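A.B. asks: Below you will find the structure I want to go over with you.
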Amino acid sequence: MKALPAALVLALAAVSLFANGDRESTLTILYSSSLNGNLDGCECKGQPRSGLVKRAAWLRALEQPEQILLVDGGDLLDPYPDPELATAIFDTYLELGYTAIALGDQEFANGVESLLEYRQRYPLMAHNLTICPDENRCIFFSTTPQIVEKAGLRIGLFALIDPQVFTLYPTQLKTKLKIQDPKTAARNQLAYLDEQGVEITVLLYHGPYQSAKQLAEAVAGADVLILAHEQRLIEPRRVGDTIIASPGEDGNRLGILTLEVLAGGRIEYGNTFHLFSWQNDPDDPAVRRRINEYKKRLRERL
Amino acid sequence: MILAVLLCSFSGFALEPGDKAPPFVNLDLSKHHVLSKNYFGKGWVMLDFFATDCEGCKKEIPIIEQLYREFSDQGLEVIVFATDSEGAEVVIPFFENKPTPLTILLDHYQVTVKKYEVGEIPSLFLIDPQGSIVHKEVGYREDLYEVISSILGS
């Protein structure tokens with residue numbers, strides 16, 4: 001367990017190489033994505049999955065977790081309906097202290113009504129989505145961006161879902177959704193956060209890399225864009241002033257992005273990915289118990 | 001206990017009857033600024049949050065127009081906030097096809113939506129002559145006329 005916080009120490013040390021100006025603040029952002037329902041992992045020849053059970057153990061061992069921003073880019077759930085698994089995953093995210101989770105298209109797996117319940121209970125976000133579950137009402141999935149303080153910095157967070165992710169979904173679902181153009185929504189939310197005096201802005205974007213890149217080129221103001229949906233690892237890179245990164249497939253990695261906010265507001269960054277191993281990393285006992293209970297109920301059902 | 005606190009935190013804390021109505025400044029369809037201070041504290045005000053592609057919102061408009069016709073001589077003012085992200089581009093054609101006596105304001109940046117902590121549309125706020133919210137409706141209801149007229153007529 002001692003090795004776990006050491007990964008963070010290394011990341012911070014790597015970043016200090018960049019810090020030439022007057023160092024003002026350092027913020028560590030831990031980011032995950034695309035768990036795809038893998039509460040547990042498996043060897044799964046050719047496609048190993050570490051499972052949330054490993055990530056949970058690592059996260060619980062962190063020192064001063066309250067100073068770290070923990071976010072996810074979405075697609076936590078399996079694409080196939082499984083309400084019990086969904087609850088087990090969301091409850092684990094809540095316990096681990098995730099500040100924000102972008103809504104992914106897979107979060108619709110258990111239906112719109114279930115999703116609206118998750119929205120009440122978990123920190124799910126999509127600031128450009130309106131859901132009309134029936135003909136009497138339409139629900140703004142998220143309205144106001146979240147503002148939190150971490151490491152002495154005022155941080156604004158919001159999430160967008162790209163309309164393209166619903167291309168293959170049934171019309172029955174699509175007619176219930178209204179998705180605002182992500183660029184327009186980003187401008188609106190960034191203007192709001194600017195008025196609120198935030199120092200760092202984090203955008204969780206659920207959609208293709210090309211769309212995220214075009215958004216970052218067209219809309220200034222997001223410092224960090226955490227991407228998910230395409231299940232591919234994207235090493236951090238700057239597009240305009242925005243740092244874009246994605247930890248890739250099956251929730252196997254946790255991105256560790258460290259931002260140095262220098263005098264004048266300029267941001268330098270360092271990043272590393274922690275790749276979890278189903279075979280070698282320790283289980284989180286609480287999540288293992290949750291998995292065992294889930295499997296027991298599953299067997300009973302079958 | 002911690003879980004309970006966390007659960008509450010995602011439910012939001014929307015404005016409720018008894019709260020003071022937050023001020024607003026929005027553009028009308030002629031691109032003139034409309035300020036809440038010209039309405040609040042002068043008489044009854046009804047605020048309706050709407051979108052042109054929201055079925056419940058569209059069903060509600062005739063009821064609100066009926067209330068306006070009936071109570072405007074007693075000082076009732078009605079303001080409809082069009083929350084469509086496309087703004088005037090879709091809102092103007094909509095009301096050209098369906099002319100209305102109501103005051104329509106654009107809230108395509110959802111600034112007033114945020115101030116009123118509106119999570120669903122239609123959402124309706126009835127504000128008394130002292131500037132306090134006395135009634136709130138979320139979602140369409142068929143008996144809206146009876147509910148609001150009973151408050152305004154009492």
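Every chain in the structure tokens has a letter given in the order shown (A, B, ...), and although residue numbers restart at 1 in each chain, ligands are simply numbered from 1 in the order shown.
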Give me the residues of chain B that have any atom at most 7 Å from an atom of chain A; for each, the nearest atom pair and the distance in Å, rounded to one decimal. Use only C-alpha atoms, sort by chain and number, and format it as JSON lines.
C.D. replies:
{"residue": "B:Leu7", "atom": "CA", "partner": "A:Arg121", "partner_atom": "CA", "distance": 5.2}
{"residue": "B:Phe10", "atom": "CA", "partner": "A:Gln120", "partner_atom": "CA", "distance": 5.4}
{"residue": "B:Ser11", "atom": "CA", "partner": "A:Gln120", "partner_atom": "CA", "distance": 5.0}
{"residue": "B:Cys54", "atom": "CA", "partner": "A:Cys138", "partner_atom": "CA", "distance": 6.4}
{"residue": "B:Glu55", "atom": "CA", "partner": "A:Glu135", "partner_atom": "CA", "distance": 5.4}
{"residue": "B:Gly56", "atom": "CA", "partner": "A:Asn136", "partner_atom": "CA", "distance": 4.0}
{"residue": "B:Ser85", "atom": "CA", "partner": "A:Gln180", "partner_atom": "CA", "distance": 6.7}
{"residue": "B:Tyr109", "atom": "CA", "partner": "A:Asn188", "partner_atom": "CA", "distance": 5.8}
{"residue": "B:Lys114", "atom": "CA", "partner": "A:Thr144", "partner_atom": "CA", "distance": 6.1}
{"residue": "B:Gly119", "atom": "CA", "partner": "A:Phe140", "partner_atom": "CA", "distance": 5.3}
{"residue": "B:Glu120", "atom": "CA", "partner": "A:Ile139", "partner_atom": "CA", "distance": 4.1}
{"residue": "B:Ile121", "atom": "CA", "partner": "A:Cys138", "partner_atom": "CA", "distance": 5.2}
{"residue": "B:Pro122", "atom": "CA", "partner": "A:Arg137", "partner_atom": "CA", "distance": 6.2}
{"residue": "B:Gly139", "atom": "CA", "partner": "A:Arg137", "partner_atom": "CA", "distance": 4.9}
{"residue": "B:Tyr140", "atom": "CA", "partner": "A:Asn136", "partner_atom": "CA", "distance": 5.0}
A.B. asks: I need the residues in region 124-285 of chain A that are helix (DSSP H, G or I) according to DSSP; give them as a compact mmCIF listing (two decimals) with N, CA and C atoms, in the first residue's frame.
C.D. replies:
# COMPACT_ATOMS: atom_id res chain seq x y z
N PRO A 163 -23.87 14.98 -29.29
CA PRO A 163 -25.05 14.34 -29.91
C PRO A 163 -24.69 13.09 -30.71
N GLN A 164 -23.47 13.03 -31.23
CA GLN A 164 -23.08 11.87 -32.06
C GLN A 164 -23.11 10.54 -31.29
N VAL A 165 -22.99 10.60 -29.97
CA VAL A 165 -22.94 9.34 -29.22
C VAL A 165 -24.28 8.59 -29.25
N PHE A 166 -25.34 9.30 -29.65
CA PHE A 166 -26.67 8.65 -29.68
C PHE A 166 -27.06 8.17 -31.08
N THR A 171 -34.93 5.34 -31.85
CA THR A 171 -35.66 6.61 -31.98
C THR A 171 -36.51 6.87 -30.74
N GLN A 172 -37.04 5.80 -30.16
CA GLN A 172 -37.87 5.92 -28.96
C GLN A 172 -37.13 6.69 -27.85
N LEU A 173 -35.83 6.44 -27.73
CA LEU A 173 -35.05 7.18 -26.74
C LEU A 173 -34.72 8.58 -27.26
N LYS A 174 -34.26 8.65 -28.50
CA LYS A 174 -33.79 9.93 -29.03
C LYS A 174 -34.86 11.01 -29.02
N PRO A 182 -22.77 21.49 -28.33
CA PRO A 182 -21.76 21.56 -27.27
C PRO A 182 -20.95 22.87 -27.25
N LYS A 183 -20.68 23.42 -28.42
CA LYS A 183 -19.89 24.67 -28.43
C LYS A 183 -20.69 25.80 -27.79
N THR A 184 -21.97 25.90 -28.15
CA THR A 184 -22.83 26.95 -27.57
C THR A 184 -22.94 26.76 -26.07
N ALA A 185 -23.15 25.51 -25.67
CA ALA A 185 -23.29 25.22 -24.23
C ALA A 185 -22.00 25.54 -23.50
N ALA A 186 -20.87 25.20 -24.11
CA ALA A 186 -19.58 25.46 -23.46
C ALA A 186 -19.38 26.97 -23.25
N ARG A 187 -19.71 27.74 -24.28
CA ARG A 187 -19.56 29.21 -24.14
C ARG A 187 -20.42 29.72 -22.98
N ASN A 188 -21.66 29.24 -22.91
CA ASN A 188 -22.56 29.70 -21.85
C ASN A 188 -22.03 29.34 -20.46
N GLN A 189 -21.62 28.10 -20.32
CA GLN A 189 -21.17 27.65 -18.99
C GLN A 189 -19.85 28.32 -18.61
N LEU A 190 -18.97 28.51 -19.58
CA LEU A 190 -17.69 29.17 -19.28
C LEU A 190 -17.90 30.63 -18.90
N ALA A 191 -18.87 31.28 -19.56
CA ALA A 191 -19.16 32.69 -19.21
C ALA A 191 -19.67 32.75 -17.77
N TYR A 192 -20.51 31.80 -17.41
CA TYR A 192 -21.04 31.77 -16.04
C TYR A 192 -19.91 31.56 -15.04
N LEU A 193 -19.03 30.61 -15.34
CA LEU A 193 -17.94 30.30 -14.40
C LEU A 193 -16.97 31.48 -14.29
N ASP A 194 -16.78 32.17 -15.40
CA ASP A 194 -15.91 33.34 -15.39
C ASP A 194 -16.48 34.41 -14.44
N GLU A 195 -17.79 34.60 -14.52
CA GLU A 195 -18.45 35.56 -13.63
C GLU A 195 -18.29 35.17 -12.17
N TYR A 209 -13.10 12.26 -29.94
CA TYR A 209 -11.95 13.16 -29.78
C TYR A 209 -12.02 14.32 -30.76
N GLN A 210 -12.37 14.04 -32.02
CA GLN A 210 -12.37 15.11 -33.02
C GLN A 210 -13.32 16.24 -32.62
N SER A 211 -14.46 15.89 -32.08
CA SER A 211 -15.42 16.92 -31.66
C SER A 211 -14.88 17.73 -30.49
N ALA A 212 -14.24 17.03 -29.57
CA ALA A 212 -13.66 17.73 -28.41
C ALA A 212 -12.55 18.67 -28.86
N LYS A 213 -11.77 18.21 -29.81
CA LYS A 213 -10.66 19.03 -30.32
C LYS A 213 -11.21 20.28 -31.00
N GLN A 214 -12.24 20.08 -31.83
CA GLN A 214 -12.85 21.23 -32.51
C GLN A 214 -13.45 22.22 -31.51
N LEU A 215 -14.02 21.68 -30.45
CA LEU A 215 -14.59 22.56 -29.43
C LEU A 215 -13.48 23.38 -28.77
N ALA A 216 -12.38 22.70 -28.43
CA ALA A 216 -11.27 23.41 -27.76
C ALA A 216 -10.65 24.46 -28.69
N GLU A 217 -10.66 24.18 -29.98
CA GLU A 217 -10.12 25.17 -30.93
C GLU A 217 -11.05 26.38 -31.06
N ALA A 218 -12.35 26.12 -30.97
CA ALA A 218 -13.33 27.19 -31.21
C ALA A 218 -13.71 27.97 -29.97
N GLU A 249 -9.59 2.73 -22.14
CA GLU A 249 -10.63 1.71 -22.15
C GLU A 249 -10.86 1.01 -20.82
N ASP A 250 -12.10 0.61 -20.62
CA ASP A 250 -12.51 -0.33 -19.56
C ASP A 250 -12.17 0.09 -18.14
N GLY A 251 -11.92 1.35 -17.94
CA GLY A 251 -11.62 1.82 -16.58
C GLY A 251 -10.32 1.30 -16.02
N ALA A 263 2.07 32.48 -11.52
CA ALA A 263 1.70 33.90 -11.42
C ALA A 263 1.19 34.36 -12.78
N GLY A 264 0.10 35.09 -12.78
CA GLY A 264 -0.48 35.54 -14.04
C GLY A 264 -1.49 34.56 -14.60
N GLY A 265 -1.65 33.42 -13.92
CA GLY A 265 -2.69 32.48 -14.32
C GLY A 265 -2.24 31.42 -15.30
N PRO A 285 -11.56 -4.15 0.10
CA PRO A 285 -12.43 -5.12 0.79
C PRO A 285 -13.91 -4.77 0.69
A.B. asks: If you run DSSP on the backbone here, which positions in region 98-300 of chain A get strand (DSSP E)? Please write them as a PyMOL selection string.
C.D. replies: chain A and resi 100-102+124-125+129-134+137-140+146-150+153-161+177-179+200-206+224-228+233-239+242-247+253-262+267-275
A.B. asks: Would you kindly return, as number ranges by chain, each protein, DNA or RNA residue with an atom no farther than 12 Å from any atom of Leu102 (chain B), considering only C-alpha atoms and excluding same-chain residues fewer than 3 positions away?
C.D. replies: B: 28-29, 45-48, 61-69, 72, 76-82, 95, 98-99, 105
A.B. asks: Residues as selected, C-alpha atoms, written as a PDB file, in the first residue's frame, can you do that?
C.D. replies:
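Once written, result_8.pdb looks like this:
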ATOM      1  CA  ASP B  28     -37.506  40.710 -25.102  1.00  0.00           C
ATOM      2  CA  LEU B  29     -38.213  39.705 -28.699  1.00  0.00           C
ATOM      3  CA  VAL B  45     -46.349  38.699 -11.305  1.00  0.00           C
ATOM      4  CA  MET B  46     -46.365  35.255 -12.864  1.00  0.00           C
ATOM      5  CA  LEU B  47     -43.116  33.894 -14.312  1.00  0.00           C
ATOM      6  CA  ASP B  48     -43.262  30.917 -16.625  1.00  0.00           C
ATOM      7  CA  ILE B  61     -49.638  28.715 -22.524  1.00  0.00           C
ATOM      8  CA  PRO B  62     -53.402  28.955 -23.305  1.00  0.00           C
ATOM      9  CA  ILE B  63     -54.164  28.512 -19.595  1.00  0.00           C
ATOM     10  CA  ILE B  64     -51.725  31.254 -18.676  1.00  0.00           C
ATOM     11  CA  GLU B  65     -53.228  33.518 -21.343  1.00  0.00           C
ATOM     12  CA  GLN B  66     -56.673  32.893 -19.882  1.00  0.00           C
ATOM     13  CA  LEU B  67     -55.401  33.837 -16.408  1.00  0.00           C
ATOM     14  CA  TYR B  68     -53.771  36.967 -17.824  1.00  0.00           C
ATOM     15  CA  ARG B  69     -56.974  38.075 -19.570  1.00  0.00           C
ATOM     16  CA  SER B  72     -54.621  41.744 -15.819  1.00  0.00           C
ATOM     17  CA  LEU B  76     -51.334  40.746 -12.954  1.00  0.00           C
ATOM     18  CA  GLU B  77     -48.284  40.733 -15.206  1.00  0.00           C
ATOM     19  CA  VAL B  78     -47.094  37.555 -16.902  1.00  0.00           C
ATOM     20  CA  ILE B  79     -43.585  36.966 -18.161  1.00  0.00           C
ATOM     21  CA  VAL B  80     -42.627  33.898 -20.139  1.00  0.00           C
ATOM     22  CA  PHE B  81     -38.948  32.997 -20.279  1.00  0.00           C
ATOM     23  CA  ALA B  82     -38.141  31.114 -23.477  1.00  0.00           C
ATOM     24  CA  PHE B  95     -44.927  33.378 -31.362  1.00  0.00           C
ATOM     25  CA  LYS B  98     -49.219  31.895 -32.130  1.00  0.00           C
ATOM     26  CA  PRO B  99     -49.581  35.581 -31.171  1.00  0.00           C
ATOM     27  CA  LEU B 105     -38.252  37.160 -22.763  1.00  0.00           C
TER      28      LEU B 105
END
